$ cat final_9.cif   # mmCIF, C-alpha atoms
data_input
loop_
_atom_site.label_atom_id
_atom_site.label_comp_id
_atom_site.auth_asym_id
_atom_site.auth_seq_id
_atom_site.Cartn_x
_atom_site.Cartn_y
_atom_site.Cartn_z
CA MET A 260 0.00 0.00 0.00
CA LEU A 261 2.83 2.35 0.86
CA LEU A 262 4.60 1.38 -2.36
CA ARG A 263 1.45 2.13 -4.35
CA ARG A 264 1.19 5.57 -2.73
CA ARG A 265 4.78 6.32 -3.54
CA MET A 266 4.25 5.29 -7.14
CA THR A 267 1.24 7.62 -7.54
CA TYR A 268 2.88 10.53 -5.77
CA SER A 269 3.70 13.59 -7.96
CA ASP A 270 5.65 16.68 -7.17
CA PRO A 271 3.32 19.71 -6.84
CA SER A 272 6.07 21.97 -8.17
CA SER A 273 6.10 20.14 -11.50
CA ALA A 274 2.41 20.98 -12.05
CA LYS A 275 3.19 24.57 -11.19
CA ASP A 276 5.99 24.72 -13.82
CA LEU A 277 3.74 23.26 -16.48
CA LEU A 278 1.06 25.90 -15.83
CA GLY A 279 3.69 28.63 -16.01
CA SER A 280 4.88 27.47 -19.44
CA ARG A 281 1.32 27.50 -20.75
CA SER A 282 0.80 30.99 -19.42
CA LEU A 283 3.97 32.23 -21.05
CA CYS A 284 2.98 30.66 -24.33
CA PHE A 285 -0.49 32.21 -24.13
CA ILE A 286 0.95 35.63 -23.31
CA PHE A 287 3.42 35.35 -26.20
CA ILE A 288 0.64 34.48 -28.67
CA CYS A 289 -1.52 37.37 -27.45
CA ALA A 290 1.39 39.80 -27.63
CA PHE A 291 2.28 38.67 -31.14
CA GLY A 292 -1.35 39.06 -32.25
CA LEU A 293 -1.57 42.52 -30.70
CA VAL A 294 1.64 43.68 -32.36
CA THR A 295 0.47 42.33 -35.72
CA LEU A 296 -2.86 44.11 -35.32
CA LEU A 297 -1.15 47.38 -34.47
CA GLN A 298 1.14 47.00 -37.48
CA GLN A 299 -1.83 46.51 -39.74
CA ILE A 300 -3.57 49.55 -38.29
CA LEU A 301 -0.56 51.85 -38.22
CA TYR A 302 1.59 50.59 -41.05
CA GLY A 303 -0.64 48.35 -43.12
CA LYS A 304 -0.83 50.77 -46.02
CA ASN A 305 2.95 50.92 -46.16
CA TYR A 306 3.08 47.12 -46.35
CA ILE A 307 0.59 47.26 -49.22
CA LYS A 308 2.61 50.00 -50.87
CA ARG A 309 5.86 48.01 -50.60
CA TYR A 310 4.15 44.96 -52.01
CA LEU A 311 2.71 46.93 -54.91
CA GLU A 312 6.06 48.58 -55.63
CA ASN A 313 7.82 45.20 -55.73
CA TYR A 314 5.15 43.59 -57.86
CA ASP A 315 6.54 42.88 -61.32
CA GLY A 316 3.75 43.72 -63.74
CA ALA A 317 0.24 45.14 -63.53
CA PHE A 318 -2.83 43.80 -61.78
CA GLU A 319 -5.81 43.00 -63.94
CA TYR A 320 -8.58 45.59 -63.81
CA ASN A 321 -11.12 43.26 -62.20
CA SER A 322 -8.72 41.58 -59.78
CA THR A 323 -9.63 41.64 -56.10
CA ALA A 324 -6.67 43.91 -55.32
CA CYS A 325 -7.70 46.46 -57.94
CA ARG A 326 -11.31 46.50 -56.86
CA GLU A 327 -10.17 47.22 -53.31
CA LEU A 328 -7.78 49.96 -54.45
CA ARG A 329 -10.50 51.61 -56.53
CA GLN A 330 -12.87 51.44 -53.60
CA GLU A 331 -10.30 53.21 -51.42
CA ILE A 332 -10.49 56.20 -53.77
CA MET A 333 -14.25 56.09 -54.20
CA ASP A 334 -14.61 56.12 -50.41
CA VAL A 335 -13.24 59.67 -50.47
CA LYS A 336 -16.50 61.44 -51.28
CA VAL A 337 -15.19 64.99 -51.03
CA LEU A 338 -11.67 66.38 -51.33
CA THR A 339 -11.58 67.61 -47.74
CA MET A 340 -12.21 64.13 -46.30
CA VAL A 341 -8.53 63.19 -46.38
CA LYS A 342 -5.15 64.88 -46.39
CA THR A 343 -3.66 65.50 -49.81
CA SER A 344 -0.82 63.09 -49.00
CA GLU A 345 -3.37 60.36 -48.26
CA LEU A 346 -5.12 60.96 -51.58
CA PHE A 347 -1.75 60.85 -53.36
CA GLU A 348 -0.92 57.52 -51.73
CA ARG A 349 -4.20 55.95 -52.76
CA TRP A 350 -3.73 57.27 -56.29
CA GLN A 351 -0.16 55.94 -56.42
CA ASN A 352 -1.29 52.51 -55.25
CA LEU A 353 -3.90 52.38 -58.02
CA GLN A 354 -1.24 52.85 -60.70
CA VAL A 355 -0.29 49.16 -60.55
CA CYS A 356 -3.72 48.32 -61.94
CA LYS A 357 -4.40 48.13 -65.64
CA TRP A 358 -6.96 50.72 -66.71
CA GLU A 359 -9.99 49.61 -68.68
CA GLN A 360 -12.87 51.66 -69.93
CA ASN A 361 -16.11 50.83 -68.16
CA LYS A 362 -18.59 50.96 -71.05
CA GLU A 363 -21.63 51.24 -68.79
CA GLU A 364 -20.22 54.04 -66.62
CA THR A 365 -18.96 55.91 -69.69
CA GLY A 366 -22.26 55.52 -71.50
CA ASN A 367 -24.25 56.82 -68.53
CA PHE A 368 -21.93 59.79 -68.08
CA ARG A 369 -22.06 60.59 -71.78
CA MET A 370 -25.85 60.41 -71.69
CA SER A 371 -25.94 62.91 -68.82
CA LEU A 372 -23.74 65.28 -70.81
CA SER A 373 -25.88 64.83 -73.90
CA ARG A 374 -29.02 65.78 -71.96
CA CYS A 375 -27.49 68.87 -70.39
CA CYS A 376 -24.98 70.17 -72.91
CA ASN A 377 -25.01 68.36 -76.28
CA ALA A 378 -21.56 69.22 -77.66
CA PRO A 379 -22.21 67.64 -81.10
CA SER A 380 -24.88 70.30 -81.67
CA PHE A 381 -23.97 73.27 -79.46
CA LEU A 382 -20.25 73.30 -78.68
CA PHE A 383 -19.66 76.13 -81.19
CA THR A 384 -21.94 78.82 -82.57
CA THR A 385 -22.98 77.75 -86.06
CA LYS A 386 -25.30 79.04 -88.76
CA ARG A 387 -27.62 76.20 -87.84
CA ASN A 388 -27.90 76.81 -84.10
CA THR A 389 -27.53 80.61 -84.24
CA PRO A 390 -29.33 82.03 -87.29
CA ALA A 391 -28.86 85.59 -88.48
CA GLY A 392 -31.02 87.96 -86.45
CA THR A 393 -30.60 85.94 -83.25
CA LYS A 394 -30.18 87.99 -80.10
CA LEU A 395 -27.34 86.07 -78.52
CA ARG A 396 -27.08 86.34 -74.76
CA TYR A 397 -23.59 86.43 -73.24
CA GLU A 398 -22.44 83.69 -70.89
CA VAL A 399 -21.52 85.95 -67.95
CA ASP A 400 -22.92 89.34 -68.91
CA THR A 401 -26.39 87.84 -69.14
CA SER A 402 -27.94 91.30 -69.37
CA GLY A 403 -25.86 91.92 -72.50
CA ILE A 404 -27.24 90.81 -75.83
CA LEU A 405 -25.38 90.64 -79.14
CA PRO A 406 -27.52 90.84 -82.29
CA ILE A 407 -26.17 88.39 -84.85
CA THR A 408 -25.74 90.57 -87.89
CA THR A 409 -25.07 89.30 -91.39
CA GLU A 410 -21.35 90.08 -90.96
CA ILE A 411 -21.08 88.07 -87.74
CA PHE A 412 -23.22 85.28 -89.17
CA LYS A 413 -20.75 84.84 -92.05
CA MET A 414 -18.00 83.98 -89.55
CA PHE A 415 -19.89 80.94 -88.26
CA PRO A 416 -19.47 77.46 -89.79
CA ASP A 417 -22.56 76.03 -91.45
CA ASP A 418 -22.81 73.28 -88.84
CA MET A 419 -20.76 71.61 -86.14
CA PRO A 420 -17.54 70.19 -87.64
CA TYR A 421 -17.57 67.20 -85.26
CA SER A 422 -20.19 64.58 -84.49
CA LYS A 423 -21.03 62.27 -81.60
CA SER A 424 -18.29 59.72 -80.82
CA GLN A 425 -16.62 60.58 -84.12
CA PHE A 426 -13.10 59.85 -82.85
CA LYS A 427 -11.96 56.59 -81.28
CA LYS A 428 -9.14 57.75 -78.99
CA CYS A 429 -8.68 61.38 -77.97
CA ALA A 430 -6.02 63.08 -75.88
CA VAL A 431 -6.69 66.26 -73.94
CA ILE A 432 -3.44 67.95 -72.97
CA GLY A 433 -3.32 70.15 -69.90
CA ASN A 434 -0.38 72.46 -69.27
CA GLY A 435 0.50 71.21 -65.77
CA GLY A 436 4.08 70.62 -64.68
CA ILE A 437 3.09 66.99 -64.03
CA ILE A 438 3.74 66.25 -67.72
CA LYS A 439 7.36 67.44 -67.62
CA ASN A 440 9.83 64.56 -68.17
CA SER A 441 6.93 62.19 -68.84
CA LYS A 442 8.11 61.20 -72.34
CA CYS A 443 4.45 60.97 -73.36
CA GLY A 444 4.88 62.82 -76.67
CA LYS A 445 4.74 59.78 -78.95
CA GLU A 446 1.77 58.33 -77.13
CA ILE A 447 -0.09 61.65 -77.39
CA ASP A 448 0.70 62.01 -81.09
CA SER A 449 -0.68 58.52 -81.76
CA SER A 450 -4.16 59.67 -80.70
CA ASP A 451 -6.89 60.16 -83.28
CA PHE A 452 -7.67 63.69 -82.07
CA VAL A 453 -5.66 65.99 -79.78
CA PHE A 454 -7.05 68.95 -77.81
CA ARG A 455 -4.74 71.62 -76.32
CA CYS A 456 -5.33 74.59 -74.07
CA ASN A 457 -4.34 78.22 -74.66
CA VAL A 458 -1.63 77.90 -77.34
CA PRO A 459 1.09 76.30 -75.16
CA PRO A 460 4.64 75.79 -76.47
CA ILE A 461 5.10 72.50 -78.33
CA ASN A 462 8.52 73.13 -79.87
CA GLU A 463 11.48 70.77 -79.77
CA LYS A 464 12.25 71.67 -76.16
CA TYR A 465 8.94 70.18 -74.98
CA SER A 466 7.72 67.85 -77.74
CA ALA A 467 9.18 64.66 -76.20
CA ASP A 468 6.83 65.17 -73.25
CA VAL A 469 3.78 66.86 -74.80
CA GLY A 470 3.90 65.85 -78.46
CA THR A 471 3.15 68.16 -81.38
CA LYS A 472 -0.06 66.89 -82.94
CA THR A 473 -2.90 69.36 -82.45
CA ASP A 474 -6.40 69.24 -83.89
CA LEU A 475 -8.12 71.86 -81.73
CA VAL A 476 -6.53 74.48 -79.47
CA THR A 477 -8.24 77.04 -77.28
CA ILE A 478 -7.16 80.68 -77.18
CA ASN A 479 -7.95 82.77 -74.14
CA PRO A 480 -8.55 86.36 -75.33
CA SER A 481 -6.46 87.58 -72.38
CA ILE A 482 -3.42 86.06 -74.13
CA ILE A 483 -4.09 88.17 -77.20
CA THR A 484 -4.63 91.25 -75.06
CA GLU A 485 -1.53 90.86 -72.89
CA ARG A 486 0.99 89.39 -75.35
CA PHE A 487 -0.20 90.65 -78.72
CA GLN A 488 -1.70 94.11 -78.01
CA LYS A 489 -5.21 92.92 -78.93
CA LEU A 490 -3.96 92.49 -82.52
CA GLU A 491 -4.43 96.23 -82.97
CA LYS A 492 -0.83 96.63 -84.16
CA TRP A 493 1.43 93.92 -85.56
CA ARG A 494 -0.38 90.69 -86.24
CA ARG A 495 2.31 88.53 -87.79
CA PRO A 496 3.86 87.48 -84.43
CA PHE A 497 0.58 85.89 -83.39
CA TYR A 498 0.09 84.35 -86.82
CA GLU A 499 3.54 82.75 -86.54
CA VAL A 500 2.68 81.34 -83.09
CA LEU A 501 -0.34 79.62 -84.61
CA GLN A 502 1.84 78.18 -87.36
CA ASN A 503 3.35 75.85 -84.73
CA TYR A 504 0.01 74.02 -84.68
CA GLU A 505 0.03 73.23 -88.40
CA ASN A 506 -3.58 73.07 -89.62
CA SER A 507 -5.34 72.74 -86.28
CA SER A 508 -8.53 74.65 -85.65
CA VAL A 509 -8.79 77.29 -82.92
CA VAL A 510 -11.67 78.06 -80.59
CA LEU A 511 -12.27 81.18 -78.51
CA PRO A 512 -14.86 82.18 -75.87
CA ALA A 513 -15.96 85.22 -77.89
CA PHE A 514 -19.30 85.41 -76.11
CA TYR A 515 -18.12 84.90 -72.54
CA ASN A 516 -18.46 88.64 -71.96
CA THR A 517 -18.55 91.80 -74.07
CA ARG A 518 -14.80 92.41 -73.70
CA ASN A 519 -13.95 89.14 -75.41
CA THR A 520 -15.96 89.67 -78.56
CA ASP A 521 -13.92 92.16 -80.60
CA VAL A 522 -10.58 90.54 -79.69
CA SER A 523 -11.87 87.11 -80.72
CA PHE A 524 -13.27 88.41 -83.99
CA ARG A 525 -9.87 89.93 -84.80
CA VAL A 526 -8.34 86.44 -84.78
CA LYS A 527 -10.77 85.44 -87.53
CA TYR A 528 -10.07 88.63 -89.51
CA MET A 529 -6.31 88.18 -89.15
CA LEU A 530 -6.33 84.60 -90.38
CA ASP A 531 -8.54 85.52 -93.32
CA ASP A 532 -6.11 88.33 -94.21
CA PHE A 533 -3.26 85.78 -94.28
CA ASP A 534 -5.40 83.46 -96.45
CA SER A 535 -5.28 80.80 -93.76
CA GLN A 536 -7.50 77.75 -94.11
CA ARG A 537 -7.45 77.23 -90.35
CA GLY A 538 -10.88 76.81 -88.78
CA VAL A 539 -11.85 79.52 -86.29
CA PHE A 540 -14.72 78.70 -83.96
CA PHE A 541 -16.46 80.42 -81.06
CA PHE A 542 -17.81 78.56 -78.03
CA HIS A 543 -21.58 78.79 -77.82
CA PRO A 544 -22.34 80.74 -74.60
CA GLN A 545 -25.30 78.56 -73.71
CA TYR A 546 -23.17 75.45 -74.01
CA LEU A 547 -20.57 76.87 -71.61
CA LEU A 548 -23.29 77.97 -69.20
CA ASN A 549 -24.79 74.47 -69.21
CA VAL A 550 -21.35 72.92 -68.67
CA GLN A 551 -20.79 75.24 -65.69
CA ARG A 552 -24.07 74.11 -64.16
CA PHE A 553 -23.33 70.45 -64.82
CA TRP A 554 -20.00 70.56 -62.98
CA ALA A 555 -21.40 72.64 -60.13
CA VAL A 556 -23.57 69.62 -59.30
CA GLN A 557 -20.38 67.52 -59.24
CA GLY A 558 -18.84 69.86 -56.66
CA VAL A 559 -16.80 72.10 -58.99
CA ARG A 560 -17.93 75.58 -58.05
CA ALA A 561 -15.78 78.39 -59.38
CA LYS A 562 -16.05 81.76 -61.03
CA ARG A 563 -14.85 80.10 -64.20
CA LEU A 564 -14.18 76.51 -65.25
CA SER A 565 -10.72 75.92 -66.68
CA SER A 566 -10.26 75.62 -70.44
CA GLY A 567 -9.06 72.08 -69.79
CA LEU A 568 -12.29 71.03 -68.12
CA MET A 569 -14.31 72.54 -70.97
CA LEU A 570 -12.31 70.49 -73.48
CA VAL A 571 -12.56 67.29 -71.42
CA THR A 572 -16.33 67.77 -71.24
CA ALA A 573 -16.57 68.19 -75.02
CA ALA A 574 -14.22 65.26 -75.66
CA LEU A 575 -16.41 62.92 -73.61
CA GLU A 576 -19.19 63.42 -76.16
CA LEU A 577 -17.04 63.56 -79.30
CA CYS A 578 -14.70 60.63 -78.54
CA GLU A 579 -15.13 56.98 -77.65
CA GLU A 580 -12.15 56.99 -75.28
CA VAL A 581 -10.60 60.03 -73.56
CA HIS A 582 -7.06 60.23 -72.15
CA LEU A 583 -5.81 63.14 -70.05
CA TYR A 584 -2.18 64.29 -69.82
CA GLY A 585 -0.78 67.26 -67.94
CA PHE A 586 -3.71 67.64 -65.56
CA TRP A 587 -2.72 68.19 -61.93
CA ALA A 588 -3.53 70.95 -59.48
CA PHE A 589 -1.10 70.43 -56.61
CA PRO A 590 2.42 71.78 -56.00
CA MET A 591 3.73 68.22 -55.63
CA ASN A 592 3.35 65.20 -57.87
CA PRO A 593 1.83 61.99 -56.44
CA SER A 594 5.29 60.94 -55.22
CA GLY A 595 5.58 64.11 -53.13
CA ILE A 596 8.15 65.83 -55.37
CA PHE A 597 7.63 69.55 -56.01
CA ILE A 598 6.74 70.46 -59.60
CA THR A 599 6.23 73.71 -61.51
CA HIS A 600 2.71 74.97 -62.12
CA HIS A 601 3.07 74.69 -65.91
CA TYR A 602 5.48 72.50 -67.82
CA TYR A 603 6.98 75.63 -69.39
CA ASP A 604 6.89 78.10 -66.46
CA ASN A 605 5.85 78.47 -62.84
CA VAL A 606 3.37 81.34 -63.18
CA LYS A 607 0.43 80.75 -60.85
CA PRO A 608 -3.17 81.48 -61.87
CA ARG A 609 -5.27 84.20 -60.37
CA PRO A 610 -6.32 82.91 -56.91
CA GLY A 611 -9.96 82.00 -56.48
CA PHE A 612 -10.79 82.13 -60.20
CA HIS A 613 -10.67 78.39 -60.97
CA ALA A 614 -11.35 75.41 -58.70
CA MET A 615 -8.54 73.28 -60.07
CA PRO A 616 -8.13 70.85 -57.12
CA HIS A 617 -11.82 69.99 -57.33
CA GLU A 618 -11.56 69.51 -61.09
CA ILE A 619 -8.65 67.09 -60.66
CA PHE A 620 -10.47 65.30 -57.83
CA ASN A 621 -13.36 64.66 -60.21
CA PHE A 622 -10.96 63.41 -62.88
CA ILE A 623 -9.41 60.98 -60.38
CA HIS A 624 -12.88 59.63 -59.55
CA MET A 625 -13.74 59.36 -63.25
CA HIS A 626 -10.51 57.45 -63.89
CA THR A 627 -11.37 55.11 -61.03
CA ARG A 628 -14.82 54.53 -62.52
CA GLY A 629 -13.35 53.77 -65.96
CA ILE A 630 -14.75 56.87 -67.69
CA ILE A 631 -11.46 58.60 -68.58
CA LYS A 632 -7.81 57.67 -68.16
CA VAL A 633 -5.67 60.18 -66.28
CA HIS A 634 -1.92 59.93 -66.93
CA THR A 635 0.30 61.32 -64.17
CA GLY A 636 3.44 59.23 -64.57
CA ARG A 637 5.97 58.42 -67.25
CA CYS A 638 4.76 56.84 -70.47
CA ARG A 639 6.34 53.58 -71.57
#

$ encode --input "final_9.cif" --output "structure tokens"
Amino acid sequence: MLLRRRMTYSDPSSAKDLLGSRSLCFIFICAFGLVTLLQQILYGKNYIKRYLENYDGAFEYNSTACRELRQEIMDVKVLTMVKTSELFERWQNLQVCKWEQNKEETGNFRMSLSRCCNAPSFLFTTKRNTPAGTKLRYEVDTSGILPITTEIFKMFPDDMPYSKSQFKKCAVIGNGGIIKNSKCGKEIDSSDFVFRCNVPPINEKYSADVGTKTDLVTINPSIITERFQKLEKWRRPFYEVLQNYENSSVVLPAFYNTRNTDVSFRVKYMLDDFDSQRGVFFFHPQYLLNVQRFWAVQGVRAKRLSSGLMLVTAALELCEEVHLYGFWAFPMNPSGIFITHHYYDNVKPRPGFHAMPHEIFNFIHMHTRGIIKVHTGRCR
């Protein structure tokens, strides 16, 4: 009996040691889990970023990773929801995803534009949409009315020169410093139709980045007033500037306000005097007013929309697929490196006149939805 008791006897201290080892193991597992959780909360996005940077290739548009990355951007409903650096990071992460046009989203957006604005019929004033004798109301000076005389009527084209979805792939070129050193020139020039804003330089110094092909270029009358003395004196210097754009057409906001009208008409007179075959068009004021209202609903509220946004809006109706280059409204690129305001200078716009950050924010959302493609990096 004593032997049996001795055989069944166990040391209490051994049980105590075993319990201590289990406790230590449990504590270690909990600590490891807590640290991992904190890393995911505090540094998870950096882990994702490192993974994306090291990934060799591009994710498919409909992959799980890309859907999640697109959702991260769409979750930012208004620009003020996140810091600019946070928006940049989300945008940078999305760049590893292949872009594809979403036919349904694009079709719905185009339909909305067609209902409100109708670029194929009203982008420019024409003899068809603005007959002689029309009392044309200005876009901003709404109390001002311009009677369309026979002389003015003769300057209008018979009808719109472009039709709905006429061009397959279009490029709209902004003048932002984001396009500098992009080497996107060849890609831009391969587009079926190229829009440019406010006669920017496209000479050999810049052509590798911005290309040279131009089919339609806007001219802000303030450029003619400030740089070319309203064309009241020598006109050849301005004519020679336009020669850089080969046979592209030009468009001016002649009916934005009363000050713009005479200066814009002088461009038409000048080109006729030089026997130029270049098309000269004038934005229809009602079209621009409708575009302003359309974008106000999207959160872009400004005294004046940028020329770039006007062209992007028109391109969405005239082209099957729209690509944007040189559009950025921040002093740093998505990598956090400071850039100049324009690719050719660092002259800032008049403060409070445009709402450029909100325009770009909308473009980023539209890219994410597959409506347009926004290029902010180097082209391959």

$ closest_residue --input "final_9.cif" --among "A:Leu405, A:Ile596, A:Val469, A:Leu547" --to "A:Tyr584" --atoms "all atoms listed in the file"
A:Val469

$ closest_residue --input "final_9.cif" --among "A:Glu446, A:Ala561, A:Tyr528, A:Leu353" --to "A:Arg494" --atoms "all atoms listed in the file"
A:Tyr528

$ axis_aligned_box --input "final_9.cif" --around "stretch 384-387 of chain A" --padding-each-side "8 Å" --output "lines of an AutoDock Vina configuration file"
center_x = -24.8
center_y = 77.6
center_z = -85.7
size_x = 21.7
size_y = 18.8
size_z = 22.2

$ residues_around --input "final_9.cif" --residues "A:Phe347" --least-positions-apart "3" --cutoff "8 Å" --atoms "all atoms listed in the file" --output "NGL selection string"
:A and (343-344 or 350-351 or 593-594)

$ residues_around --input "final_9.cif" --residues "stretch 572-578 of chain A" --least-positions-apart "3" --cutoff "9 Å" --atoms "all atoms listed in the file" --output "MDAnalysis selection string"
chainID A and resid 365 368:370 372:373 376:379 382 421:431 452 454 550 567:569 581 630:631

$ resolve_selection --input "final_9.cif" --expression "the PyMOL selection byres ((chain A and resi 518-522) around 12)" --output "MDAnalysis selection string"
chainID A and resid 395 397:400 403:405 411 478:485 487:491 511:517 523:529 541:542 544

$ write_last_selection --input "final_9.cif" --atoms "C-alpha atoms" --output "compact mmCIF listing (two decimals), keeping the file's coordinate frame"
# COMPACT_ATOMS: atom_id res chain seq x y z
CA LEU A 395 -27.34 86.07 -78.52
CA TYR A 397 -23.59 86.43 -73.24
CA GLU A 398 -22.44 83.69 -70.89
CA VAL A 399 -21.52 85.95 -67.95
CA ASP A 400 -22.92 89.34 -68.91
CA GLY A 403 -25.86 91.92 -72.50
CA ILE A 404 -27.24 90.81 -75.83
CA LEU A 405 -25.38 90.64 -79.14
CA ILE A 411 -21.08 88.07 -87.74
CA ILE A 478 -7.16 80.68 -77.18
CA ASN A 479 -7.95 82.77 -74.14
CA PRO A 480 -8.55 86.36 -75.33
CA SER A 481 -6.46 87.58 -72.38
CA ILE A 482 -3.42 86.06 -74.13
CA ILE A 483 -4.09 88.17 -77.20
CA THR A 484 -4.63 91.25 -75.06
CA GLU A 485 -1.53 90.86 -72.89
CA PHE A 487 -0.20 90.65 -78.72
CA GLN A 488 -1.70 94.11 -78.01
CA LYS A 489 -5.21 92.92 -78.93
CA LEU A 490 -3.96 92.49 -82.52
CA GLU A 491 -4.43 96.23 -82.97
CA LEU A 511 -12.27 81.18 -78.51
CA PRO A 512 -14.86 82.18 -75.87
CA ALA A 513 -15.96 85.22 -77.89
CA PHE A 514 -19.30 85.41 -76.11
CA TYR A 515 -18.12 84.90 -72.54
CA ASN A 516 -18.46 88.64 -71.96
CA THR A 517 -18.55 91.80 -74.07
CA SER A 523 -11.87 87.11 -80.72
CA PHE A 524 -13.27 88.41 -83.99
CA ARG A 525 -9.87 89.93 -84.80
CA VAL A 526 -8.34 86.44 -84.78
CA LYS A 527 -10.77 85.44 -87.53
CA TYR A 528 -10.07 88.63 -89.51
CA MET A 529 -6.31 88.18 -89.15
CA PHE A 541 -16.46 80.42 -81.06
CA PHE A 542 -17.81 78.56 -78.03
CA PRO A 544 -22.34 80.74 -74.60

$ closest_residue --input "final_9.cif" --among "A:Lys442, A:Leu570, A:Phe622, A:Thr627" --to "A:Gln354" --atoms "all atoms listed in the file"
A:Thr627

$ atom_distance --input "final_9.cif" --atom1 "atom CA of A:Arg387" --atom2 "atom CA of A:Arg455"
26.0 Å

$ residues_around --input "final_9.cif" --residues "A:Pro406" --least-positions-apart "2" --cutoff "6 Å" --atoms "only C-alpha atoms" --output "ChimeraX atom specification"
/A:393-394,408

$ closest_residue --input "final_9.cif" --among "A:Thr473, A:Asn549, A:Thr409, A:Gln557" --to "A:Ser507" --atoms "only C-alpha atoms"
A:Thr473

$ residues_near_point --input "final_9.cif" --point "(-13.4, 78.2, -91.1)" --cutoff "9 Å" --atoms "only C-alpha atoms" --output "NGL selection string"
:A and (414-416 or 508 or 527 or 535-540)

$ residues_near_point --input "final_9.cif" --point "(9.2, 65.0, -66.3)" --cutoff "12 Å" --atoms "only C-alpha atoms" --output "PDB file with C-alpha atoms, keeping the file's coordinate frame"
ATOM      1  CA  GLY A 435       0.500  71.210 -65.770  1.00  0.00           C
ATOM      2  CA  GLY A 436       4.080  70.620 -64.680  1.00  0.00           C
ATOM      3  CA  ILE A 437       3.090  66.990 -64.030  1.00  0.00           C
ATOM      4  CA  ILE A 438       3.740  66.250 -67.720  1.00  0.00           C
ATOM      5  CA  LYS A 439       7.360  67.440 -67.620  1.00  0.00           C
ATOM      6  CA  ASN A 440       9.830  64.560 -68.170  1.00  0.00           C
ATOM      7  CA  SER A 441       6.930  62.190 -68.840  1.00  0.00           C
ATOM      8  CA  LYS A 442       8.110  61.200 -72.340  1.00  0.00           C
ATOM      9  CA  CYS A 443       4.450  60.970 -73.360  1.00  0.00           C
ATOM     10  CA  GLY A 444       4.880  62.820 -76.670  1.00  0.00           C
ATOM     11  CA  TYR A 465       8.940  70.180 -74.980  1.00  0.00           C
ATOM     12  CA  SER A 466       7.720  67.850 -77.740  1.00  0.00           C
ATOM     13  CA  ALA A 467       9.180  64.660 -76.200  1.00  0.00           C
ATOM     14  CA  ASP A 468       6.830  65.170 -73.250  1.00  0.00           C
ATOM     15  CA  VAL A 469       3.780  66.860 -74.800  1.00  0.00           C
ATOM     16  CA  TYR A 584      -2.180  64.290 -69.820  1.00  0.00           C
ATOM     17  CA  GLY A 585      -0.780  67.260 -67.940  1.00  0.00           C
ATOM     18  CA  ASN A 592       3.350  65.200 -57.870  1.00  0.00           C
ATOM     19  CA  ILE A 596       8.150  65.830 -55.370  1.00  0.00           C
ATOM     20  CA  PHE A 597       7.630  69.550 -56.010  1.00  0.00           C
ATOM     21  CA  ILE A 598       6.740  70.460 -59.600  1.00  0.00           C
ATOM     22  CA  THR A 599       6.230  73.710 -61.510  1.00  0.00           C
ATOM     23  CA  HIS A 601       3.070  74.690 -65.910  1.00  0.00           C
ATOM     24  CA  TYR A 602       5.480  72.500 -67.820  1.00  0.00           C
ATOM     25  CA  TYR A 603       6.980  75.630 -69.390  1.00  0.00           C
ATOM     26  CA  THR A 635       0.300  61.320 -64.170  1.00  0.00           C
ATOM     27  CA  GLY A 636       3.440  59.230 -64.570  1.00  0.00           C
ATOM     28  CA  ARG A 637       5.970  58.420 -67.250  1.00  0.00           C
ATOM     29  CA  CYS A 638       4.760  56.840 -70.470  1.00  0.00           C
TER      30      CYS A 638
END

$ closest_residue --input "final_9.cif" --among "A:Pro460, A:Phe383, A:Leu338, A:Val510" --to "A:Glu618" --atoms "only C-alpha atoms"
A:Leu338

$ atom_distance --input "final_9.cif" --atom1 "atom CA of A:Asn605" --atom2 "atom CA of A:Trp587"
13.4 Å

$ closest_residue --input "final_9.cif" --among "A:Ala317, A:Val556, A:Met419, A:Ile332" --to "A:Glu348" --atoms "all atoms listed in the file"
A:Ile332
